[in-house]
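Engineer: Data: target17.pdb, PDB, C-alpha atoms.
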ATOM      1  CA  MET U   1      89.567  89.017 126.019
ATOM      2  CA  SER U   2      92.234  89.948 123.515
ATOM      3  CA  GLU U   3      91.222  91.013 120.044
ATOM      4  CA  THR U   4      92.657  89.012 117.185
ATOM      5  CA  ILE U   5      94.850  91.163 114.947
ATOM      6  CA  ARG U   6      94.194  90.457 111.308
ATOM      7  CA  PRO U   7      97.031  90.900 108.808
ATOM      8  CA  LEU U   8      96.690  93.989 106.634
ATOM      9  CA  VAL U   9      95.783  93.282 103.046
ATOM     10  CA  ASP U  10      98.432  94.238 100.478
ATOM     11  CA  VAL U  11      96.057  95.693  97.897
ATOM     12  CA  GLN U  12      98.844  96.681  95.515
ATOM     13  CA  ASN U  13      99.871  93.050  95.112
ATOM     14  CA  THR U  14      96.386  91.887  94.192
ATOM     15  CA  LYS U  15      95.742  90.856  90.614
ATOM     16  CA  ASP U  16      94.444  93.322  88.044
ATOM     17  CA  VAL U  17      92.191  91.838  85.361
ATOM     18  CA  ARG U  18      92.372  94.643  82.779
ATOM     19  CA  ASN U  19      95.579  93.218  81.325
ATOM     20  CA  ILE U  20      97.222  96.622  80.707
ATOM     21  CA  PRO U  21     100.858  97.224  81.703
ATOM     22  CA  ILE U  22     101.797 100.712  82.903
ATOM     23  CA  ASP U  23     104.909 102.295  81.386
ATOM     24  CA  LYS U  24     105.700 104.557  84.338
ATOM     25  CA  VAL U  25     104.231 104.838  87.820
ATOM     26  CA  GLY U  26     105.735 106.354  90.925
ATOM     27  CA  VAL U  27     106.235 109.630  92.775
ATOM     28  CA  ARG U  28     106.977 113.181  91.627
ATOM     29  CA  LYS U  29     108.056 116.496  93.183
ATOM     30  CA  VAL U  30     110.125 114.858  95.923
ATOM     31  CA  LYS U  31     112.510 117.429  97.440
ATOM     32  CA  TYR U  32     115.860 116.012  98.544
ATOM     33  CA  PRO U  33     119.430 117.296  99.014
ATOM     34  CA  VAL U  34     121.843 116.426  96.208
ATOM     35  CA  PHE U  35     125.580 116.822  95.705
ATOM     36  CA  ILE U  36     126.968 117.940  92.339
ATOM     37  CA  ARG U  37     130.647 117.773  91.413
ATOM     38  CA  GLU U  38     132.211 121.029  90.244
ATOM     39  CA  ARG U  39     134.848 121.321  87.530
ATOM     40  CA  ASP U  40     137.407 122.708  90.015
ATOM     41  CA  ASN U  41     137.047 119.518  92.125
ATOM     42  CA  GLY U  42     134.607 121.105  94.554
ATOM     43  CA  LEU U  43     131.321 119.557  95.664
ATOM     44  CA  GLN U  44     128.179 121.692  95.550
ATOM     45  CA  GLN U  45     125.162 120.874  97.698
ATOM     46  CA  THR U  46     121.804 121.968  96.349
ATOM     47  CA  VAL U  47     118.168 120.849  96.500
ATOM     48  CA  GLY U  48     116.873 118.398  93.913
ATOM     49  CA  GLU U  49     113.280 117.771  92.877
ATOM     50  CA  PHE U  50     112.929 114.082  92.067
ATOM     51  CA  SER U  51     110.592 111.999  89.961
ATOM     52  CA  LEU U  52     111.017 108.262  90.600
ATOM     53  CA  MET U  53     109.174 105.763  88.403
ATOM     54  CA  VAL U  54     109.071 102.075  87.498
ATOM     55  CA  GLY U  55     107.238 100.020  84.920
ATOM     56  CA  LEU U  56     104.303  98.049  86.344
ATOM     57  CA  PRO U  57     103.405  94.625  84.880
ATOM     58  CA  ARG U  58      99.841  94.106  83.705
ATOM     59  CA  HIS U  59      98.963  91.617  86.446
ATOM     60  CA  PHE U  60      99.693  93.920  89.444
ATOM     61  CA  LYS U  61      97.025  96.336  90.671
ATOM     62  CA  GLY U  62      99.475  98.921  91.962
ATOM     63  CA  THR U  63     103.023  99.790  92.950
ATOM     64  CA  HIS U  64     104.326 100.427  96.472
ATOM     65  CA  MET U  65     104.776 104.188  96.676
ATOM     66  CA  SER U  66     106.578 104.204 100.038
ATOM     67  CA  ARG U  67     109.391 102.063  98.663
ATOM     68  CA  PHE U  68     110.486 104.811  96.285
ATOM     69  CA  LEU U  69     111.198 107.082  99.254
ATOM     70  CA  GLU U  70     112.863 104.252 101.159
ATOM     71  CA  VAL U  71     115.332 103.691  98.316
ATOM     72  CA  LEU U  72     116.099 107.419  98.152
ATOM     73  CA  ALA U  73     116.570 107.533 101.940
ATOM     74  CA  GLU U  74     119.073 104.672 101.732
ATOM     75  CA  HIS U  75     121.304 107.054  99.764
ATOM     76  CA  ASN U  76     121.025 109.844 102.332
ATOM     77  CA  HIS U  77     124.042 112.209 102.088
ATOM     78  CA  ASP U  78     125.116 110.357  98.949
ATOM     79  CA  VAL U  79     122.701 111.437  96.214
ATOM     80  CA  SER U  80     124.756 112.536  93.218
ATOM     81  CA  ALA U  81     125.153 111.941  89.488
ATOM     82  CA  GLU U  82     127.545 109.101  90.312
ATOM     83  CA  THR U  83     125.025 107.270  92.525
ATOM     84  CA  ILE U  84     122.059 107.531  90.126
ATOM     85  CA  PRO U  85     122.736 104.044  88.631
ATOM     86  CA  ASP U  86     122.691 102.593  92.162
ATOM     87  CA  ILE U  87     119.374 104.314  92.908
ATOM     88  CA  LEU U  88     117.866 102.934  89.692
ATOM     89  CA  GLU U  89     119.063  99.440  90.568
ATOM     90  CA  GLY U  90     117.628  99.835  94.059
ATOM     91  CA  LEU U  91     114.235 100.830  92.630
ATOM     92  CA  ARG U  92     114.173  97.823  90.326
ATOM     93  CA  ASP U  93     115.161  95.425  93.101
ATOM     94  CA  ARG U  94     112.854  96.822  95.787
ATOM     95  CA  LEU U  95     109.830  97.088  93.478
ATOM     96  CA  ASN U  96     110.487  93.933  91.432
ATOM     97  CA  ALA U  97     110.482  96.040  88.277
ATOM     98  CA  VAL U  98     112.125  95.444  84.921
ATOM     99  CA  THR U  99     112.631  99.163  84.260
ATOM    100  CA  ALA U 100     113.202 102.186  86.494
ATOM    101  CA  HIS U 101     113.311 105.890  85.690
ATOM    102  CA  LEU U 102     114.742 108.860  87.590
ATOM    103  CA  GLU U 103     114.584 112.578  86.951
ATOM    104  CA  VAL U 104     116.152 115.115  89.280
ATOM    105  CA  ARG U 105     115.970 118.868  88.651
ATOM    106  CA  PHE U 106     118.153 121.310  90.543
ATOM    107  CA  ILE U 107     119.769 124.749  90.430
ATOM    108  CA  TYR U 108     123.514 124.731  89.849
ATOM    109  CA  PHE U 109     125.260 127.855  91.129
ATOM    110  CA  ARG U 110     128.383 129.375  89.671
ATOM    111  CA  GLU U 111     130.411 132.460  90.561
ATOM    112  CA  LYS U 112     130.591 134.901  87.674
ATOM    113  CA  ALA U 113     132.596 138.105  87.365
ATOM    114  CA  ALA U 114     131.447 141.210  85.492
ATOM    115  CA  PRO U 115     133.377 141.716  82.225
ATOM    116  CA  VAL U 116     135.001 145.094  83.065
ATOM    117  CA  THR U 117     134.885 145.758  86.818
ATOM    118  CA  GLY U 118     135.230 142.125  87.835
ATOM    119  CA  LYS U 119     132.387 142.407  90.353
ATOM    120  CA  VAL U 120     131.436 138.871  91.372
ATOM    121  CA  GLY U 121     127.963 137.428  91.915
ATOM    122  CA  MET U 122     126.254 134.036  91.789
ATOM    123  CA  MET U 123     124.459 132.785  88.672
ATOM    124  CA  GLY U 124     121.983 129.941  89.002
ATOM    125  CA  TYR U 125     121.388 127.532  86.099
ATOM    126  CA  GLU U 126     118.453 125.132  85.877
ATOM    127  CA  CYS U 127     119.789 121.612  85.345
ATOM    128  CA  ALA U 128     118.527 118.038  85.361
ATOM    129  CA  PHE U 129     119.719 114.456  85.197
ATOM    130  CA  LEU U 130     117.318 112.148  83.325
ATOM    131  CA  ALA U 131     118.124 108.447  83.620
ATOM    132  CA  SER U 132     116.607 105.024  82.959
ATOM    133  CA  GLY U 133     117.800 101.558  83.933
ATOM    134  CA  GLY U 134     116.738  98.063  82.949
ATOM    135  CA  GLU U 135     116.016  96.849  79.440
ATOM    136  CA  VAL U 136     117.509 100.117  78.160
ATOM    137  CA  ASN U 137     120.088 102.137  80.090
ATOM    138  CA  ASP U 138     120.060 105.834  79.290
ATOM    139  CA  SER U 139     121.467 108.999  80.849
ATOM    140  CA  VAL U 140     120.858 112.604  79.778
ATOM    141  CA  LEU U 141     122.203 115.870  81.176
ATOM    142  CA  GLU U 142     119.952 118.899  80.699
ATOM    143  CA  VAL U 143     121.199 122.463  81.194
ATOM    144  CA  ILE U 144     119.162 125.645  80.631
ATOM    145  CA  VAL U 145     121.313 128.689  79.911
ATOM    146  CA  PRO U 146     119.924 132.256  79.690
ATOM    147  CA  VAL U 147     121.590 134.568  77.159
ATOM    148  CA  THR U 148     121.117 137.973  75.553
ATOM    149  CA  THR U 149     120.148 137.976  71.871
ATOM    150  CA  LEU U 150     120.034 140.991  69.573
ATOM    151  CA  CYS U 151     117.984 140.878  66.365
ATOM    152  CA  PRO U 152     120.094 141.030  63.151
ATOM    153  CA  CYS U 153     117.134 142.316  61.120
ATOM    154  CA  SER U 154     116.403 145.114  63.594
ATOM    155  CA  LYS U 155     120.065 146.170  63.555
ATOM    156  CA  GLU U 156     120.191 146.145  59.745
ATOM    157  CA  ILE U 157     117.085 148.238  59.113
ATOM    158  CA  SER U 158     117.187 150.677  62.053
ATOM    159  CA  SER U 159     119.114 153.935  62.194
ATOM    160  CA  PHE U 160     119.331 153.798  65.984
ATOM    161  CA  GLY U 161     119.847 150.643  68.040
ATOM    162  CA  ALA U 162     118.192 147.248  67.699
ATOM    163  CA  HIS U 163     115.752 145.277  69.788
ATOM    164  CA  ASN U 164     117.242 142.682  72.099
ATOM    165  CA  GLN U 165     115.877 140.271  74.657
ATOM    166  CA  ARG U 166     116.623 137.413  76.992
ATOM    167  CA  GLY U 167     116.749 134.007  75.353
ATOM    168  CA  TYR U 168     116.836 130.562  76.936
ATOM    169  CA  VAL U 169     118.861 127.705  75.489
ATOM    170  CA  THR U 170     117.898 124.227  76.694
ATOM    171  CA  ALA U 171     120.609 121.674  75.954
ATOM    172  CA  ARG U 172     120.119 117.933  76.499
ATOM    173  CA  ILE U 173     123.167 115.789  75.868
ATOM    174  CA  ARG U 174     124.267 112.165  75.941
ATOM    175  CA  THR U 175     127.976 111.584  76.367
ATOM    176  CA  SER U 176     130.667 108.916  76.240
ATOM    177  CA  GLY U 177     132.418 110.384  79.293
ATOM    178  CA  LEU U 178     132.241 113.111  81.911
ATOM    179  CA  VAL U 179     131.139 116.503  80.585
ATOM    180  CA  TRP U 180     130.973 119.280  83.173
ATOM    181  CA  ILE U 181     127.947 121.527  83.550
ATOM    182  CA  GLU U 182     130.345 124.471  83.300
ATOM    183  CA  GLU U 183     131.455 123.271  79.852
ATOM    184  CA  ILE U 184     127.905 123.334  78.527
ATOM    185  CA  VAL U 185     127.278 126.785  80.008
ATOM    186  CA  ASP U 186     130.466 128.159  78.431
ATOM    187  CA  LEU U 187     129.705 126.717  74.983
ATOM    188  CA  VAL U 188     126.139 128.047  74.991
ATOM    189  CA  GLU U 189     127.023 131.508  76.288
ATOM    190  CA  ALA U 190     129.687 131.882  73.590
ATOM    191  CA  ALA U 191     126.996 131.329  70.941
ATOM    192  CA  GLY U 192     124.765 134.199  72.102
ATOM    193  CA  SER U 193     124.939 137.914  71.436
ATOM    194  CA  ALA U 194     126.181 138.414  75.004
ATOM    195  CA  PRO U 195     126.166 136.475  78.293
ATOM    196  CA  LEU U 196     124.055 137.370  81.317
ATOM    197  CA  TYR U 197     125.711 138.521  84.548
ATOM    198  CA  PRO U 198     124.439 138.724  88.145
ATOM    199  CA  VAL U 199     126.209 142.054  88.885
ATOM    200  CA  LEU U 200     126.842 144.856  86.375
ATOM    201  CA  LYS U 201     128.186 148.346  87.069
ATOM    202  CA  ARG U 202     127.950 151.109  84.456
ATOM    203  CA  PRO U 203     131.211 150.215  82.637
ATOM    204  CA  ASP U 204     130.037 146.593  82.488
ATOM    205  CA  GLU U 205     126.618 147.560  81.167
ATOM    206  CA  LYS U 206     128.227 149.619  78.399
ATOM    207  CA  PHE U 207     130.472 146.690  77.473
ATOM    208  CA  VAL U 208     127.640 144.130  77.395
ATOM    209  CA  THR U 209     125.340 146.419  75.384
ATOM    210  CA  GLU U 210     128.011 147.016  72.755
ATOM    211  CA  GLN U 211     129.024 143.345  72.722
ATOM    212  CA  ALA U 212     125.447 142.319  71.951
ATOM    213  CA  TYR U 213     125.197 144.952  69.201
ATOM    214  CA  GLU U 214     128.333 143.578  67.532
ATOM    215  CA  ASN U 215     127.064 139.971  67.733
ATOM    216  CA  PRO U 216     123.446 139.894  66.498
ATOM    217  CA  ARG U 217     121.740 136.494  66.628
ATOM    218  CA  PHE U 218     118.445 135.056  65.413
ATOM    219  CA  VAL U 219     117.217 131.931  67.207
ATOM    220  CA  GLU U 220     118.293 130.141  64.022
ATOM    221  CA  ASP U 221     121.839 131.460  64.489
ATOM    222  CA  MET U 222     121.881 130.447  68.137
ATOM    223  CA  VAL U 223     120.736 126.877  67.608
ATOM    224  CA  ARG U 224     123.221 126.401  64.761
ATOM    225  CA  GLU U 225     126.147 127.889  66.694
ATOM    226  CA  VAL U 226     125.495 125.627  69.681
ATOM    227  CA  SER U 227     125.108 122.662  67.327
ATOM    228  CA  VAL U 228     128.516 123.377  65.763
ATOM    229  CA  ALA U 229     130.087 123.552  69.233
ATOM    230  CA  PHE U 230     128.503 120.267  70.330
ATOM    231  CA  ASP U 231     129.530 118.530  67.098
ATOM    232  CA  ALA U 232     133.133 119.485  67.852
ATOM    233  CA  HIS U 233     133.059 118.165  71.432
ATOM    234  CA  PRO U 234     134.804 114.756  71.622
ATOM    235  CA  LEU U 235     132.519 113.356  74.349
ATOM    236  CA  ILE U 236     129.054 114.506  73.214
ATOM    237  CA  THR U 237     127.451 111.646  71.270
ATOM    238  CA  SER U 238     123.962 113.054  70.737
ATOM    239  CA  TYR U 239     122.027 116.158  71.682
ATOM    240  CA  GLU U 240     118.862 118.216  71.556
ATOM    241  CA  ILE U 241     118.967 122.017  71.544
ATOM    242  CA  GLU U 242     115.999 124.328  72.058
ATOM    243  CA  VAL U 243     116.309 128.099  71.793
ATOM    244  CA  GLU U 244     113.443 130.346  72.861
ATOM    245  CA  ASN U 245     113.595 134.139  72.787
ATOM    246  CA  HIS U 246     111.190 136.118  74.953
ATOM    247  CA  GLU U 247     110.723 138.776  72.296
ATOM    248  CA  SER U 248     110.819 142.374  73.525
ATOM    249  CA  ILE U 249     108.737 143.926  70.699
ATOM    250  CA  HIS U 250     106.356 141.031  69.952
ATOM    251  CA  ASP U 251     103.556 139.407  71.906
ATOM    252  CA  HIS U 252     105.005 135.979  71.172
ATOM    253  CA  ASN U 253     108.273 134.060  71.512
ATOM    254  CA  ALA U 254     110.695 132.978  68.777
ATOM    255  CA  TYR U 255     111.761 129.302  68.822
ATOM    256  CA  ALA U 256     114.216 126.930  67.125
ATOM    257  CA  TYR U 257     115.078 123.248  67.698
ATOM    258  CA  VAL U 258     117.796 120.851  66.535
ATOM    259  CA  LYS U 259     118.247 117.159  67.350
ATOM    260  CA  ARG U 260     121.287 115.119  66.385
ATOM    261  CA  ASP U 261     121.923 111.447  67.251
ATOM    262  CA  ARG U 262     125.200 109.553  67.418
ATOM    263  CA  VAL U 263     127.376 112.496  66.524
ATOM    264  CA  THR U 264     130.868 111.576  65.387
ATOM    265  CA  PRO U 265     133.107 114.657  65.631
TER
END
Will you turn the file into structure tokens for me?
Structural biologist:
Amino acid sequence: MSETIRPLVDVQNTKDVRNIPIDKVGVRKVKYPVFIRERDNGLQQTVGEFSLMVGLPRHFKGTHMSRFLEVLAEHNHDVSAETIPDILEGLRDRLNAVTAHLEVRFIYFREKAAPVTGKVGMMGYECAFLASGGEVNDSVLEVIVPVTTLCPCSKEISSFGAHNQRGYVTARIRTSGLVWIEEIVDLVEAAGSAPLYPVLKRPDEKFVTEQAYENPRFVEDMVREVSVAFDAHPLITSYEIEVENHESIHDHNAYAYVKRDRVTP
């Protein structure tokens, strides 16, 4: 005697009576290969950590979590900044959602030569694409750039040396065209006391130490210098800049923040 197979209940599609829409629901910390275009026309493969979200109407009990991964899998070997709008559209279509949101964080690698000896190593920069599609379409590039900063006050008041430390500049930009990650890194590094390098020999270390001493920067200086550079860029339309110094002689960090919208150079 054969057993009757009952259809499985789709609990997510059942009605919710609390009448509360959910702004974002989905999956986070999804590891997936991504491809990032390089300024020299190369293509860099790295690993992205994805957050995929949609808005959920008030009358649905839940979303279908597996469909987020299905949409991502449909873009296998083709996940890049250029395909993000297609992924957002796929999420909206597959999940019957008005809005969709995507965040992918990744390390972007770049060869960098030491300033004197030319010794080459690889620098990794934390980056992210933050995008939304639907009622409002939005796209943000985030790049975190480490720099050396040397304290102007310490230099002014001390007979010998000045305290310096590693600072982190987080830049988030909206653009009217393609802006390379390398461009943002170059603009930010030029605003610091000195850049960071993966490989330094003794002549390089001497050069970098003296360069930082000749270019002291508060966090206030850093955030303003980067702001000036972004204002002058023809394709950057709005931005946020955070600068945080991991102070070497204090038990706290120094911080500065600037936000500018609809910049017209």
Engineer: Quick one, how far is CA of His59 in chain U from CA of Asp86 in chain U?
Structural biologist: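 Straight-line distance from CA of His59 in chain U to CA of Asp86 in chain U works out to 26.8 Å.
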Engineer: Once the PyMOL selection byres ((chain U and resi 227-237) around 8) has been applied to the shown file, what residues remain in the selection, as a ChimeraX atom specification?
Structural biologist: /U:173-179,187,223-226,238-239,241,258,261-265
Engineer: For Asn215 in chain U, list every protein, DNA or RNA residue within 9 Å, evaluated using only C-alpha atoms, and leave out those in the same chain fewer than 3 positions away; present the list as an NGL selection string.
Structural biologist: :U and (149-150 or 152 or 192-194 or 210-212)
Engineer: How would the residues just chosen look if you wrote them out with C-alpha atoms as a PDB file, in the coordinates of the input?
Structural biologist:
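Generated file (part25.pdb):
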ATOM      1  CA  THR U 149     120.148 137.976  71.871  1.00  0.00           C
ATOM      2  CA  LEU U 150     120.034 140.991  69.573  1.00  0.00           C
ATOM      3  CA  PRO U 152     120.094 141.030  63.151  1.00  0.00           C
ATOM      4  CA  GLY U 192     124.765 134.199  72.102  1.00  0.00           C
ATOM      5  CA  SER U 193     124.939 137.914  71.436  1.00  0.00           C
ATOM      6  CA  ALA U 194     126.181 138.414  75.004  1.00  0.00           C
ATOM      7  CA  GLU U 210     128.011 147.016  72.755  1.00  0.00           C
ATOM      8  CA  GLN U 211     129.024 143.345  72.722  1.00  0.00           C
ATOM      9  CA  ALA U 212     125.447 142.319  71.951  1.00  0.00           C
TER      10      ALA U 212
END
Engineer: Restricting the calculation to only C-alpha atoms: of U:Ala73, U:Ala97, U:Ala81, U:Ala131, which residue gets closest to Val25 in chain U?
Structural biologist: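 Residue with the minimum atom-to-atom distance to Val25 in chain U: U:Ala97.
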Engineer: Carefully work through the PyMOL selection byres ((chain U and resi 243) around 9) for this structure and note down the residues it includes, as a list in words.
Structural biologist: Gly167, Tyr168, Val169, Thr170, Ala171, Val219, Glu220, Met222, Val223, Ile241, Glu242, Glu244, Asn245, Ala254, Tyr255, Ala256 and Tyr257 of chain U
Engineer: Please list as a PyMOL selection string every residue within 6 Å of Arg58 in chain U, counting only C-alpha atoms and excluding residues in the same chain fewer than 3 positions away.
Structural biologist: chain U and resi 19-21
Engineer: Determine the residue set returned by the PyMOL selection byres ((chain U and resi 182-186) around 9) for the present structure, and present it as a list in words.
Structural biologist: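 On this input, the PyMOL selection byres ((chain U and resi 182-186) around 9) captures Glu38, Arg39, Arg110, Tyr125, Val143, Ile144, Val145, Ala171, Val179, Trp180, Ile181, Leu187, Val188, Glu189, Ala190, Ala191 and Phe230 of chain U.
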Engineer: Dig up all the protein and nucleic acid residues within 9 Å of (118.1, 111.5, 85.3) in the file frame, using only C-alpha atoms, and format them as a list in words.
Structural biologist: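 Looking at atoms near the point gives Phe50, Ser51, Ala81, Ile84, His101, Leu102, Glu103, Val104, Arg105, Ala128, Phe129, Leu130, Ala131, Ser132, Asp138, Ser139, Val140, Leu141 and Glu142 of chain U.
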Engineer: Could you tell me how far CA of Glu205 in chain U sits from CA of Glu156 in chain U, in Å to one decimal place?
Structural biologist: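 Separation of CA of Glu156 in chain U and CA of Glu205 in chain U: 22.4 Å.
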Engineer: For the atom pair CA of Arg37 in chain U and CA of Phe109 in chain U, what is the interatomic distance in Å to one decimal place?
Structural biologist: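 These two atoms are separated by 11.4 Å.
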Engineer: So which one's closest to Pro146 in chain U, U:His246, U:Arg92, U:His252, U:Lys259? Using only C-alpha atoms, please.
Structural biologist: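 Ranking U:His246, U:Arg92, U:His252, U:Lys259 by distance to Pro146 in chain U, first place goes to U:His246.
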Engineer: Extract, using all atoms listed in the file, all DNA, RNA and protein residues at most 9 Å from Val208 in chain U, discarding same-chain residues fewer than 6 positions from it, and format them as a PDB file with C-alpha atoms, in the coordinates of the input.
Structural biologist:
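Generated file (out_36.pdb):
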ATOM      1  CA  PRO U 115     133.377 141.716  82.225  1.00  0.00           C
ATOM      2  CA  ALA U 194     126.181 138.414  75.004  1.00  0.00           C
ATOM      3  CA  PRO U 195     126.166 136.475  78.293  1.00  0.00           C
ATOM      4  CA  LEU U 196     124.055 137.370  81.317  1.00  0.00           C
TER       5      LEU U 196
END
Engineer: Which residue out of U:Gly124, U:Gly133, U:Gly55, U:Gly42 has the minimum interatomic distance to Ile87 in chain U when all atoms listed in the file are used?
Structural biologist: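 Among the listed residues, the smallest separation from Ile87 in chain U belongs to U:Gly133.
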